[in-house]
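For reference, the structure discussed in these notes is given below.
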Amino acid sequence: MSKITDNLLNYLIDNRIIDENSAKEISKQVKNSKETFGDILVKSGFFAKEDLLLLIIEFYKKGYITLGEINNNFAIEVTYFLKELAKNLKLKYIDLDSIDIDYRMLAKLPFAQLKKLGALPIKEDEINVYIALIDPMNMNSQEGVQRIFPRKLVKYIIAEPFQIEKYINKAEMSESIKGLIGEIRKEITSSAAENPQESSGILKLIEIILKTTILAGASDIHIEPTENNCVVRGRIDGMLNETFIFDKDIYPPLASRMKLLSNMDIAEKRKPQDGRFSATILGKEFDFRISTLPILNGESIVIRILDKSKVMINIEDLGMHPNNYKKFAKAMKAPYGIIFVTGPTGSGKTTTLYAALNAIKNVATKIITVEDPVEYQLNLTQQVQVNQKAGLTFATALKSILRQDPDIIMIGEVRDSETLRIAVQAALTGHLVFSTLHTNDAVSAITRVMDMGIEPYLLSGSLVAIEAQRLVRKLCPYCKEKTTLPQALFDDIKHYLPQKYQFYKHHGCEKCSQTGYKGREMLSEILPVSEKLSSMIAQGESKKAIHDQAVSEGFTDMFQDGVIRASNGITTLDEIIRVAKS
């Protein structure tokens with residue numbers, strides 16, 4: 001029995017809620033059962049479910065239990081518990097991600113003290129100041145905060161501790177570049193005011209933004225003006241995370257300099273624009289694709305990071321399930337036909353295509369690709385960049401490619417029926433064609449292609465295999481914690497589970513920027529088109545009939561692949577449900 005369970009039982013005995021014999025019986029059940037401590041208390045008849053919550057709030061208020069322990073011992077979500085705690089204390093619960101925190105207030109306060117107290121000022125008016133505390137029950141923290149605001153009435157709000165920590169860290173980062181922001185402001189108000197984009201301070205700030213987001217492993221940078229601030233976010237492992245928050249006056253020179261770097265029209269703020277620039281960051285050369293979009297408070301700027309020196313991934317290292325890898329490797333050896341890689345934007349389809357081409361390229365084979373844009377250069381491969389303005393579309397490029405005597409063709413994306421028809425005809429005339437489609441799963445790709453106007457008999461004769469994929473975040477190995485699933489959820493997935501399994505949940509530490517996740521892994525499902533399936537496609541059978549036949553032939557869907565990975569502690573079941581549950 002854990003020390004925390006022991007302490008809670010002692011509290012119940014001391015307060016005469018249960019006697020020692022009952023405590024021993026409960027202790028024995030906790031040891032021998034997969035049920036939580038809370039479930040056992042309710043089942044034993046000591047508490048009704050609604051009364052149990054009040055007891056847990058008392059445990060927390062007295063410091064007997066932490067939020068993480070509440071989740072472990074009572075299977076109660078932290079957000080739900082904090083909302084109930086806020087009601088109990090007659091305080092307000094706020095989701096910090098849903099509000100625009102005024103960082104100008106933080107700039108006037110002794111930041112080191114606030115960090116030590118775990119206090120985040122949210123807003124203030126003439127009488128009150130609103131504070132979120134990491135430990136809202138800590139009297140020393142409350143007294144320390146009151147000393148910082150002697151002339152104000154301090155009002156506490158309840159918020160998730162990891163959110164408070166996250167925003168304190170953001171404020172600390174902004175604090176560390178306070179000198180640079182001051183330098184930029186001086187340049188804006190001095191002679192550089194005529195050309196704020198020429199400010200050397202702004203160039204340094206851009207370099208810091210690029211360095212920080214690249215070091216964090218971001219794929220995109222989002223720069224967005226809000227009513228009070230300029231927010232910089234990085235897409236790390238598929239999720240957006242705030243990296244910097246500046247005052248609003250920093251945004252105009254920052255946006256102007258970004259446009260100048262990308263050869264855009266600085267004066268044009270009413271239309272979307274696209275551009276690109278290159279820079280050497282941390283000794284490596286990167287390409288940056290930049291897009292602007294007019295929004296209510298200015299322009300949203302999104303920068304895609306492309307690492308020129310990125311090593312091509314081997315197909316064995318993509319993270320496919322061994323059975324799926326065998327099916328995909330066999331499909332790649334087909335002499336002709338079409339292989340579709342499907343999934344939503346940002347699911348790693350291009351990486352899979354590059355890995356496949358990397359595996360099969362050789363001196364004896366002519367490979368031509370048509371892409372928009374060409375992200376990475378491949379040896380022994382002729383790569384064509386689509387140029388809409390010059391009239392070089394996917395369809396026109398494909399017609400010319402077929403006269404270049406290729407063996408293998410890769411089409412970056414099938415966007416229209418003309419491109420699709422040429423691709424299918426190329427597959428039927430002895431070429432191996434790789435392409436991508438935007439569908440939710442492998443079987444849906446068949447109906448999508450037919451909806452785009454391809455006759456079932458042509459599709460059945462050309463289709464070799466369909467691979468569908470998603471990317472899930474991997475648990476941080478440094479802070480992941482064992483967990484037990486709620487019984488109802490366990491019953492839903494138990495038929496997928498291997499003999500040995502252990503589920504984990506995310507926690508958050510410095511190494512994963514308090515997210516609980518570090519890196520991503522691919523989930524996939526592969527549908528090789530057998531003779532039977534080819535016949536069913538030609539006859540126009542329903543999606544369900546095709547799916548049932550595929551399952552009888554050993555097809556494993558993405559959700560099942562994900563459950564197995566979650567049961568092995570690679571990711572969380574919540575992440576699998578978020579990404580792969582249809």
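Residue numbering restarts at 1 for every chain of the structure tokens, chains are lettered A, B, ... in their displayed order, and ligands are numbered from 1 as they appear.
Within 9 Å of segment 225-227 of chain A there are A:Asp100, A:Cys230, A:Val231, A:Val232, A:Lys248, A:Tyr251, A:Ile295, A:Leu296, A:Asn297, A:Gly298, A:Glu299, A:Ser300, counting only C-alpha atoms and ignoring same-chain residues fewer than 3 positions away.
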* Show which residues sit within 6 Å of segment 422-438 of chain A, as an MDAnalysis selection string. Count only C-alpha atoms, and ignore same-chain residues fewer than 5 positions away. => chainID A and resid 336:344 407:413 462
Residues from last step as file, N, CA and C atoms, as a PDB file, in the first residue's frame:
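The result, stored in again27.pdb:
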```pdb
ATOM      1  N   TYR A 336       4.372  -2.061 -61.337  1.00  0.00           N
ATOM      2  CA  TYR A 336       3.580  -0.894 -61.765  1.00  0.00           C
ATOM      3  C   TYR A 336       2.347  -0.803 -60.874  1.00  0.00           C
ATOM      4  N   GLY A 337       1.639   0.320 -60.995  1.00  0.00           N
ATOM      5  CA  GLY A 337       0.447   0.526 -60.170  1.00  0.00           C
ATOM      6  C   GLY A 337       0.573   1.804 -59.367  1.00  0.00           C
ATOM      7  N   ILE A 338      -0.439   2.081 -58.560  1.00  0.00           N
ATOM      8  CA  ILE A 338      -0.441   3.328 -57.775  1.00  0.00           C
ATOM      9  C   ILE A 338      -0.540   3.014 -56.280  1.00  0.00           C
ATOM     10  N   ILE A 339       0.290   3.683 -55.506  1.00  0.00           N
ATOM     11  CA  ILE A 339       0.276   3.552 -54.040  1.00  0.00           C
ATOM     12  C   ILE A 339      -0.098   4.911 -53.466  1.00  0.00           C
ATOM     13  N   PHE A 340      -1.177   4.952 -52.701  1.00  0.00           N
ATOM     14  CA  PHE A 340      -1.603   6.204 -52.064  1.00  0.00           C
ATOM     15  C   PHE A 340      -1.154   6.236 -50.609  1.00  0.00           C
ATOM     16  N   VAL A 341      -0.648   7.392 -50.183  1.00  0.00           N
ATOM     17  CA  VAL A 341      -0.358   7.650 -48.764  1.00  0.00           C
ATOM     18  C   VAL A 341      -1.350   8.718 -48.334  1.00  0.00           C
ATOM     19  N   THR A 342      -2.197   8.407 -47.343  1.00  0.00           N
ATOM     20  CA  THR A 342      -3.280   9.332 -46.983  1.00  0.00           C
ATOM     21  C   THR A 342      -3.178   9.775 -45.519  1.00  0.00           C
ATOM     22  N   GLY A 343      -3.871  10.867 -45.245  1.00  0.00           N
ATOM     23  CA  GLY A 343      -3.880  11.400 -43.884  1.00  0.00           C
ATOM     24  C   GLY A 343      -4.098  12.902 -43.935  1.00  0.00           C
ATOM     25  N   PRO A 344      -4.397  13.538 -42.787  1.00  0.00           N
ATOM     26  CA  PRO A 344      -4.618  14.986 -42.776  1.00  0.00           C
ATOM     27  C   PRO A 344      -3.307  15.761 -42.949  1.00  0.00           C
ATOM     28  N   ASP A 407      10.550   5.459 -64.612  1.00  0.00           N
ATOM     29  CA  ASP A 407      10.119   4.163 -64.072  1.00  0.00           C
ATOM     30  C   ASP A 407       9.171   4.388 -62.891  1.00  0.00           C
ATOM     31  N   ILE A 408       9.518   5.377 -62.081  1.00  0.00           N
ATOM     32  CA  ILE A 408       8.728   5.681 -60.870  1.00  0.00           C
ATOM     33  C   ILE A 408       8.394   7.165 -60.866  1.00  0.00           C
ATOM     34  N   ILE A 409       7.125   7.462 -60.551  1.00  0.00           N
ATOM     35  CA  ILE A 409       6.669   8.856 -60.487  1.00  0.00           C
ATOM     36  C   ILE A 409       6.116   9.112 -59.086  1.00  0.00           C
ATOM     37  N   MET A 410       6.498  10.260 -58.501  1.00  0.00           N
ATOM     38  CA  MET A 410       5.894  10.658 -57.210  1.00  0.00           C
ATOM     39  C   MET A 410       5.171  11.985 -57.409  1.00  0.00           C
ATOM     40  N   ILE A 411       3.871  11.983 -57.070  1.00  0.00           N
ATOM     41  CA  ILE A 411       3.063  13.203 -57.190  1.00  0.00           C
ATOM     42  C   ILE A 411       2.801  13.704 -55.772  1.00  0.00           C
ATOM     43  N   GLY A 412       3.284  14.915 -55.483  1.00  0.00           N
ATOM     44  CA  GLY A 412       3.175  15.450 -54.117  1.00  0.00           C
ATOM     45  C   GLY A 412       1.769  15.419 -53.565  1.00  0.00           C
ATOM     46  N   GLU A 413       0.776  15.755 -54.390  1.00  0.00           N
ATOM     47  CA  GLU A 413      -0.615  15.741 -53.917  1.00  0.00           C
ATOM     48  C   GLU A 413      -1.572  15.689 -55.099  1.00  0.00           C
ATOM     49  N   SER A 462      -5.438  -0.526 -61.231  1.00  0.00           N
ATOM     50  CA  SER A 462      -4.202   0.236 -61.006  1.00  0.00           C
ATOM     51  C   SER A 462      -3.753   0.273 -59.547  1.00  0.00           C
TER      52      SER A 462
END
```
* To do: Could you please write out, as a count of residues only, every residue of segment 226-409 of chain A that DSSP assigns to alpha helix (DSSP H)?
  => 42
* Would you give me, as a VMD selection string, the residues in segment 466-499 of chain A that DSSP reads as strand (DSSP E)? -> chain A and resid 466 to 475 481 to 482
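Residues in contact range of Tyr457 of chain A, defined as at most 8 Å between only C-alpha atoms, with sequence neighbours fewer than 6 positions away removed, read A:Ile537, A:Ala538, A:Gln539.
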* To do: Using only C-alpha atoms, determine which residues lie at most 12 Å from Met258 of chain A, disregarding the query and same-chain residues fewer than 6 positions distant; provide the list as a PyMOL selection string.
  => chain A and resi 196-199+202-203+205-207+209-210+223+251-252+264-266+273-278+288-292+299-303
Would you put the residues from that selection into a file with C-alpha atoms, as a PDB file, in the first residue's frame?
```
ATOM      1  CA  PRO A 196      11.751  50.635 -38.234  1.00  0.00           C
ATOM      2  CA  GLN A 197      12.466  47.469 -40.203  1.00  0.00           C
ATOM      3  CA  GLU A 198      16.149  48.558 -40.405  1.00  0.00           C
ATOM      4  CA  SER A 199      16.450  48.329 -36.598  1.00  0.00           C
ATOM      5  CA  ILE A 202      14.655  43.733 -34.496  1.00  0.00           C
ATOM      6  CA  LEU A 203      17.168  41.563 -36.398  1.00  0.00           C
ATOM      7  CA  LEU A 205      14.977  39.581 -31.881  1.00  0.00           C
ATOM      8  CA  ILE A 206      14.155  37.620 -35.072  1.00  0.00           C
ATOM      9  CA  GLU A 207      17.338  35.585 -34.590  1.00  0.00           C
ATOM     10  CA  ILE A 209      12.824  33.759 -32.072  1.00  0.00           C
ATOM     11  CA  LEU A 210      14.222  31.468 -34.793  1.00  0.00           C
ATOM     12  CA  ILE A 223       3.462  35.442 -34.927  1.00  0.00           C
ATOM     13  CA  TYR A 251       4.746  43.890 -33.592  1.00  0.00           C
ATOM     14  CA  PRO A 252       4.807  46.521 -36.450  1.00  0.00           C
ATOM     15  CA  MET A 264       7.250  40.922 -49.772  1.00  0.00           C
ATOM     16  CA  ASP A 265       5.548  44.295 -50.185  1.00  0.00           C
ATOM     17  CA  ILE A 266       5.995  46.025 -46.788  1.00  0.00           C
ATOM     18  CA  GLN A 273       1.287  37.390 -49.180  1.00  0.00           C
ATOM     19  CA  ASP A 274       3.781  34.515 -49.517  1.00  0.00           C
ATOM     20  CA  GLY A 275       7.567  34.568 -49.501  1.00  0.00           C
ATOM     21  CA  ARG A 276      10.669  32.701 -48.376  1.00  0.00           C
ATOM     22  CA  PHE A 277      14.130  33.396 -47.007  1.00  0.00           C
ATOM     23  CA  SER A 278      17.179  31.411 -45.911  1.00  0.00           C
ATOM     24  CA  PHE A 288      11.868  29.528 -44.107  1.00  0.00           C
ATOM     25  CA  ARG A 289       8.566  29.700 -46.025  1.00  0.00           C
ATOM     26  CA  ILE A 290       6.514  32.657 -44.795  1.00  0.00           C
ATOM     27  CA  SER A 291       2.819  33.477 -45.208  1.00  0.00           C
ATOM     28  CA  THR A 292       0.890  36.558 -44.047  1.00  0.00           C
ATOM     29  CA  GLU A 299      -1.515  40.400 -39.805  1.00  0.00           C
ATOM     30  CA  SER A 300      -0.992  36.774 -38.787  1.00  0.00           C
ATOM     31  CA  ILE A 301       2.484  35.616 -39.863  1.00  0.00           C
ATOM     32  CA  VAL A 302       3.252  31.889 -40.153  1.00  0.00           C
ATOM     33  CA  ILE A 303       6.770  30.619 -40.895  1.00  0.00           C
TER      34      ILE A 303
END
```
* Could you give me, as a VMD selection string, the residues within 6 Å of segment 385-399 of chain A, counting only C-alpha atoms and dropping anything in the same chain fewer than 5 positions from it? => chain A and resid 371 to 374 419
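The protein and nucleic acid residues lying at most 10 Å from Gly68 of chain A are Ile65, Thr66, Ile70, Asn71, Asn72, Asn73, Ala75, Ile76, Glu77, Val78, Glu481 and His507 of chain A, with only C-alpha atoms considered and sequence neighbours fewer than 2 positions away removed.
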Prev. selection, N, CA, C and O atoms, output as a CSV table (one decimal), in the first residue's frame:
```
chain,number,residue,atom,x,y,z
A,65,ILE,N,-2.8,15.6,0.3
A,65,ILE,CA,-2.8,15.0,-1.0
A,65,ILE,C,-2.5,16.1,-2.1
A,65,ILE,O,-3.0,17.2,-2.0
A,66,THR,N,-1.8,15.7,-3.1
A,66,THR,CA,-1.5,16.6,-4.2
A,66,THR,C,-2.5,16.3,-5.4
A,66,THR,O,-3.2,15.3,-5.4
A,70,ILE,N,-4.5,12.9,-6.4
A,70,ILE,CA,-6.0,12.9,-6.5
A,70,ILE,C,-6.3,12.1,-7.7
A,70,ILE,O,-7.2,11.2,-7.7
A,71,ASN,N,-5.6,12.4,-8.8
A,71,ASN,CA,-5.9,11.7,-10.1
A,71,ASN,C,-5.6,10.2,-10.0
A,71,ASN,O,-6.4,9.3,-10.4
A,72,ASN,N,-4.5,9.8,-9.3
A,72,ASN,CA,-4.1,8.4,-9.2
A,72,ASN,C,-5.1,7.6,-8.3
A,72,ASN,O,-5.4,6.5,-8.6
A,73,ASN,N,-5.4,8.3,-7.1
A,73,ASN,CA,-6.2,7.5,-6.1
A,73,ASN,C,-7.7,7.6,-6.2
A,73,ASN,O,-8.4,6.8,-5.6
A,75,ALA,N,-9.2,8.8,-9.5
A,75,ALA,CA,-9.5,8.8,-10.9
A,75,ALA,C,-10.3,10.1,-11.3
A,75,ALA,O,-11.3,10.0,-12.0
A,76,ILE,N,-10.0,11.2,-10.6
A,76,ILE,CA,-10.7,12.5,-10.9
A,76,ILE,C,-9.8,13.4,-11.7
A,76,ILE,O,-8.6,13.6,-11.4
A,77,GLU,N,-10.3,13.9,-12.8
A,77,GLU,CA,-9.6,14.8,-13.7
A,77,GLU,C,-9.2,16.1,-12.9
A,77,GLU,O,-10.1,16.6,-12.2
A,78,VAL,N,-8.0,16.6,-13.1
A,78,VAL,CA,-7.5,17.7,-12.4
A,78,VAL,C,-8.4,19.0,-12.7
A,78,VAL,O,-8.8,19.7,-11.8
A,481,GLU,N,4.1,8.9,-15.9
A,481,GLU,CA,3.6,8.2,-14.6
A,481,GLU,C,2.7,7.1,-15.0
A,481,GLU,O,1.8,7.2,-15.8
A,507,HIS,N,2.9,14.0,-17.5
A,507,HIS,CA,3.0,14.8,-16.3
A,507,HIS,C,3.6,16.2,-16.6
A,507,HIS,O,2.9,17.2,-16.5
```
* Structure fact -> Among A:Tyr354, A:Phe162, A:Phe74, A:Tyr80, Thr381 of chain A is approached most closely, using only C-alpha atoms, by A:Tyr354
* **Spatial neighbours of segment 485-491 of chain A, max dist 8 Å, only C-alpha atoms, sep filter under 2 positions, as a ChimeraX atom specification** => /A:75,483,493-494,503
Distance table requested - segment 216-262 of chain A against segment 171-186 of chain A, cut-off 10 Å, only C-alpha atoms: one row per qualifying residue with the closest atom pair and its distance in Å to one decimal, ordered by chain and rising residue number, as a Markdown table.
```
| residue | atom | partner | partner_atom | distance |
| --- | --- | --- | --- | --- |
| A:Thr243 | CA | A:Met173 | CA | 8.1 |
| A:Phe244 | CA | A:Ser174 | CA | 6.4 |
| A:Ile245 | CA | A:Ser174 | CA | 6.7 |
| A:Phe246 | CA | A:Ser174 | CA | 7.1 |
| A:Asp247 | CA | A:Ile181 | CA | 9.1 |
| A:Asp249 | CA | A:Arg185 | CA | 8.2 |
| A:Ile250 | CA | A:Ile181 | CA | 7.7 |
| A:Pro253 | CA | A:Ile184 | CA | 8.9 |
| A:Leu254 | CA | A:Ile184 | CA | 9.8 |
```
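When only C-alpha atoms are used to compute distances to Leu527 of chain A, the closest of the residues A:Ile576, A:Ile315, A:Lys482, A:Val443 turns out to be A:Val443.
For the set A:Gln377, A:Asn241, A:Thr484, A:Thr213, the residue with the smallest atom-to-atom gap to Tyr504 of chain A is A:Thr484, counting only C-alpha atoms.
With only C-alpha atoms as the atoms that count, the minimum distance from Tyr496 of chain A to the choices A:Ser552, A:Ser524, A:Ser567, A:Thr572 is reached by A:Ser567.
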